[in-house]
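Worksheet: one structure, shown below.
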Amino acid sequence: DVCSSDLTCEPGEIVGLLGPNGAGKSTLLNILATLLKPSKGTIRYGEFPDADGPELRGRIGMLGHDLFLYPELTARENLTFFAQLYGLPDVDRRVTSSLATAGLADRGDDLMSGFSRGMRQRIALERALLHDPTLILLDEPFTGLDQASTVALVERLRDRQHAGCVIVLATHDLEVADGVLTRAVYLKNGRMVGMDTESGNLANRYRKAIQ
């Protein structure tokens, strides 16, 4: 029972799933990613009649706790591998563009094992966006990032927001999320206990919602 009410996400939204540990944030993300089946209720994805088909999954990009990057490969090799896995055309062009977008064009041929957490996070985000998904799911994307990496991530999310993507992210970092989210969804004990589209004082709104 991850959610007790209807939740509709619109193109161009950045929706934050906020709640304490065990509230159901990661579970809901995995359900939206079609990795888990909901125990009850229905998930609808716009015009897609099949909520579990390959065409739908090809429109979803997810960045979870596991970045799914191979440390023994270079950044370029990692992105190339996933681009080929997606069956994308113009792989070299896409990968070069992704490295540039991540601000790591000069590190493309360096092994991932030598990258900082923030650099790995940027490459992992580009890995999740290689196939131009319209639904982007992020689980604690700001964890362990320094200020520069956080700013770069927020700018990338805004870029995708302006492109009309639906972005749903789970985070404990209310300071960063405040001013980034277009909507906050509050979860507690596997249920949605509140939702708002206000800006500012997110920490106070969060405390009131889950008390």
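Simple scheme: letters A, B, ... for chains in structure tokens order, numbers from 1 for residues in each chain, numbers from 1 for ligands in the order shown.
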DSSP-assigned helix (DSSP H, G or I) members of range 71-206 of chain A, reported as a PDB file with C-alpha atoms, in the first residue's frame:
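And here is the file that came out, result.pdb:
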```pdb
ATOM      1  CA  ALA A  75      33.580   6.926 -18.839  1.00  0.00           C
ATOM      2  CA  ARG A  76      33.301   6.743 -22.627  1.00  0.00           C
ATOM      3  CA  GLU A  77      33.275   2.945 -22.600  1.00  0.00           C
ATOM      4  CA  ASN A  78      30.546   2.890 -19.953  1.00  0.00           C
ATOM      5  CA  LEU A  79      28.302   5.225 -21.916  1.00  0.00           C
ATOM      6  CA  THR A  80      29.038   3.406 -25.171  1.00  0.00           C
ATOM      7  CA  PHE A  81      28.084   0.084 -23.596  1.00  0.00           C
ATOM      8  CA  PHE A  82      24.712   1.381 -22.436  1.00  0.00           C
ATOM      9  CA  ALA A  83      24.024   3.223 -25.697  1.00  0.00           C
ATOM     10  CA  GLN A  84      24.585  -0.035 -27.566  1.00  0.00           C
ATOM     11  CA  LEU A  85      22.449  -1.873 -25.011  1.00  0.00           C
ATOM     12  CA  TYR A  86      19.611   0.575 -25.777  1.00  0.00           C
ATOM     13  CA  VAL A  91      26.479   6.061 -30.557  1.00  0.00           C
ATOM     14  CA  ASP A  92      29.754   7.982 -30.821  1.00  0.00           C
ATOM     15  CA  ARG A  93      27.951  11.294 -31.240  1.00  0.00           C
ATOM     16  CA  ARG A  94      25.596  10.616 -28.347  1.00  0.00           C
ATOM     17  CA  VAL A  95      28.388   9.571 -26.029  1.00  0.00           C
ATOM     18  CA  THR A  96      30.562  12.565 -26.910  1.00  0.00           C
ATOM     19  CA  SER A  97      27.576  14.871 -26.347  1.00  0.00           C
ATOM     20  CA  SER A  98      26.791  13.226 -23.008  1.00  0.00           C
ATOM     21  CA  LEU A  99      30.370  13.631 -21.793  1.00  0.00           C
ATOM     22  CA  ALA A 100      30.271  17.298 -22.742  1.00  0.00           C
ATOM     23  CA  THR A 101      26.923  17.792 -21.004  1.00  0.00           C
ATOM     24  CA  ALA A 105      34.669  15.798 -22.014  1.00  0.00           C
ATOM     25  CA  ASP A 106      38.344  15.908 -21.011  1.00  0.00           C
ATOM     26  CA  ARG A 107      37.968  12.847 -18.746  1.00  0.00           C
ATOM     27  CA  MET A 112      35.696   5.328 -13.715  1.00  0.00           C
ATOM     28  CA  SER A 113      37.630   3.970 -10.718  1.00  0.00           C
ATOM     29  CA  GLY A 114      39.512   7.271 -10.558  1.00  0.00           C
ATOM     30  CA  ARG A 117      31.452  10.471  -6.303  1.00  0.00           C
ATOM     31  CA  GLY A 118      30.138  13.620  -7.958  1.00  0.00           C
ATOM     32  CA  MET A 119      31.766  12.778 -11.289  1.00  0.00           C
ATOM     33  CA  ARG A 120      30.397   9.230 -11.197  1.00  0.00           C
ATOM     34  CA  GLN A 121      26.955  10.617 -10.400  1.00  0.00           C
ATOM     35  CA  ARG A 122      27.104  12.925 -13.423  1.00  0.00           C
ATOM     36  CA  ILE A 123      28.104  10.072 -15.722  1.00  0.00           C
ATOM     37  CA  ALA A 124      25.391   7.846 -14.231  1.00  0.00           C
ATOM     38  CA  LEU A 125      22.785  10.529 -14.860  1.00  0.00           C
ATOM     39  CA  GLU A 126      23.874  10.799 -18.487  1.00  0.00           C
ATOM     40  CA  ARG A 127      23.705   6.990 -18.679  1.00  0.00           C
ATOM     41  CA  ALA A 128      20.078   7.209 -17.551  1.00  0.00           C
ATOM     42  CA  LEU A 129      19.319   9.960 -20.092  1.00  0.00           C
ATOM     43  CA  GLN A 147      28.105  22.014  -4.053  1.00  0.00           C
ATOM     44  CA  ALA A 148      29.461  22.163  -7.609  1.00  0.00           C
ATOM     45  CA  SER A 149      28.133  18.692  -8.454  1.00  0.00           C
ATOM     46  CA  THR A 150      24.764  19.510  -6.892  1.00  0.00           C
ATOM     47  CA  VAL A 151      24.468  22.695  -8.959  1.00  0.00           C
ATOM     48  CA  ALA A 152      25.366  20.773 -12.131  1.00  0.00           C
ATOM     49  CA  LEU A 153      22.755  18.102 -11.367  1.00  0.00           C
ATOM     50  CA  VAL A 154      20.041  20.673 -10.695  1.00  0.00           C
ATOM     51  CA  GLU A 155      20.847  22.454 -13.973  1.00  0.00           C
ATOM     52  CA  ARG A 156      20.599  19.157 -15.856  1.00  0.00           C
ATOM     53  CA  LEU A 157      17.229  18.390 -14.271  1.00  0.00           C
ATOM     54  CA  ARG A 158      15.931  21.840 -15.173  1.00  0.00           C
ATOM     55  CA  ASP A 159      17.044  21.254 -18.754  1.00  0.00           C
ATOM     56  CA  ARG A 160      15.007  18.045 -18.899  1.00  0.00           C
ATOM     57  CA  GLN A 161      12.094  19.752 -17.144  1.00  0.00           C
ATOM     58  CA  HIS A 162      12.035  22.477 -19.805  1.00  0.00           C
ATOM     59  CA  LEU A 174      15.167  19.328   1.707  1.00  0.00           C
ATOM     60  CA  GLU A 175      17.496  22.319   1.416  1.00  0.00           C
ATOM     61  CA  VAL A 176      18.408  21.445  -2.164  1.00  0.00           C
ATOM     62  CA  ALA A 177      14.900  20.296  -3.065  1.00  0.00           C
ATOM     63  CA  LEU A 202       9.949  23.078   2.610  1.00  0.00           C
ATOM     64  CA  ALA A 203      11.429  21.765   5.868  1.00  0.00           C
ATOM     65  CA  ASN A 204       8.542  23.253   7.860  1.00  0.00           C
ATOM     66  CA  ARG A 205       5.947  21.955   5.414  1.00  0.00           C
ATOM     67  CA  TYR A 206       7.550  18.518   5.570  1.00  0.00           C
TER      68      TYR A 206
END
```
Handout entry: Residue neighbourhood Gly16 in chain A, 9 Å, only C-alpha atoms, exclusion window fewer than 2 positions, as a list in words
Key =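 The residues satisfying every condition are Ile14, Leu18, Ile167, Val168, Leu169, Ala170, Thr171, Ala177, Val180, Leu181, Thr182, Arg183, Ala184, Val185 and Tyr186 of chain A.
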Can you pull out every residue within 12 Å of Tyr45 in chain A, counting only C-alpha atoms, but drop anything in the same chain fewer than 2 positions away, and send it as a CSV table (one decimal) with C-alpha atoms, in the first residue's frame?
```csv
chain,number,residue,atom,x,y,z
A,7,LEU,CA,-1.2,11.2,-7.9
A,8,THR,CA,-1.0,12.6,-11.4
A,9,CYS,CA,2.4,13.9,-12.8
A,10,GLU,CA,2.4,16.2,-15.7
A,11,PRO,CA,5.1,17.0,-18.3
A,31,ILE,CA,6.8,0.6,-9.2
A,32,LEU,CA,6.9,3.6,-11.5
A,33,ALA,CA,9.9,2.0,-13.2
A,34,THR,CA,7.9,-1.2,-13.7
A,42,THR,CA,-3.3,1.1,-11.1
A,43,ILE,CA,-0.4,2.9,-12.8
A,47,GLU,CA,-1.0,7.0,-24.1
A,48,PHE,CA,0.7,3.7,-23.3
A,49,PRO,CA,-2.0,1.0,-22.9
A,50,ASP,CA,0.5,-1.6,-21.7
A,51,ALA,CA,2.1,-0.6,-18.3
A,52,ASP,CA,4.7,-3.3,-18.6
A,53,GLY,CA,5.9,-3.4,-22.2
A,55,GLU,CA,8.0,0.4,-25.6
A,56,LEU,CA,7.1,2.0,-22.3
A,57,ARG,CA,10.3,0.9,-20.6
A,59,ARG,CA,10.8,5.9,-22.3
A,60,ILE,CA,11.9,5.6,-18.7
A,134,THR,CA,10.3,11.2,-21.0
A,135,LEU,CA,9.9,9.8,-17.4
A,166,VAL,CA,8.2,14.2,-16.1
```
Practice task
Please measure the separation of CA of His65 in chain A and CA of Leu28 in chain A, giving the value in Å to one decimal.
Solution key: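 Between CA of His65 in chain A and CA of Leu28 in chain A the gap works out to 14.3 Å.
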Exercise for the section: Give the strand (DSSP E) residues of range 1-210 of chain A, as assigned by DSSP on the backbone, as a PyMOL selection string. Expected result: chain A and resi 14-18+60-63+135-139+166-170+183-188+191-196
Exercise for the section: Return the single residue from A:Gly103, A:Asp109, A:Pro38, A:Phe115 that is closest to Leu69 in chain A, with distances computed using only C-alpha atoms. Expected result: A:Phe115
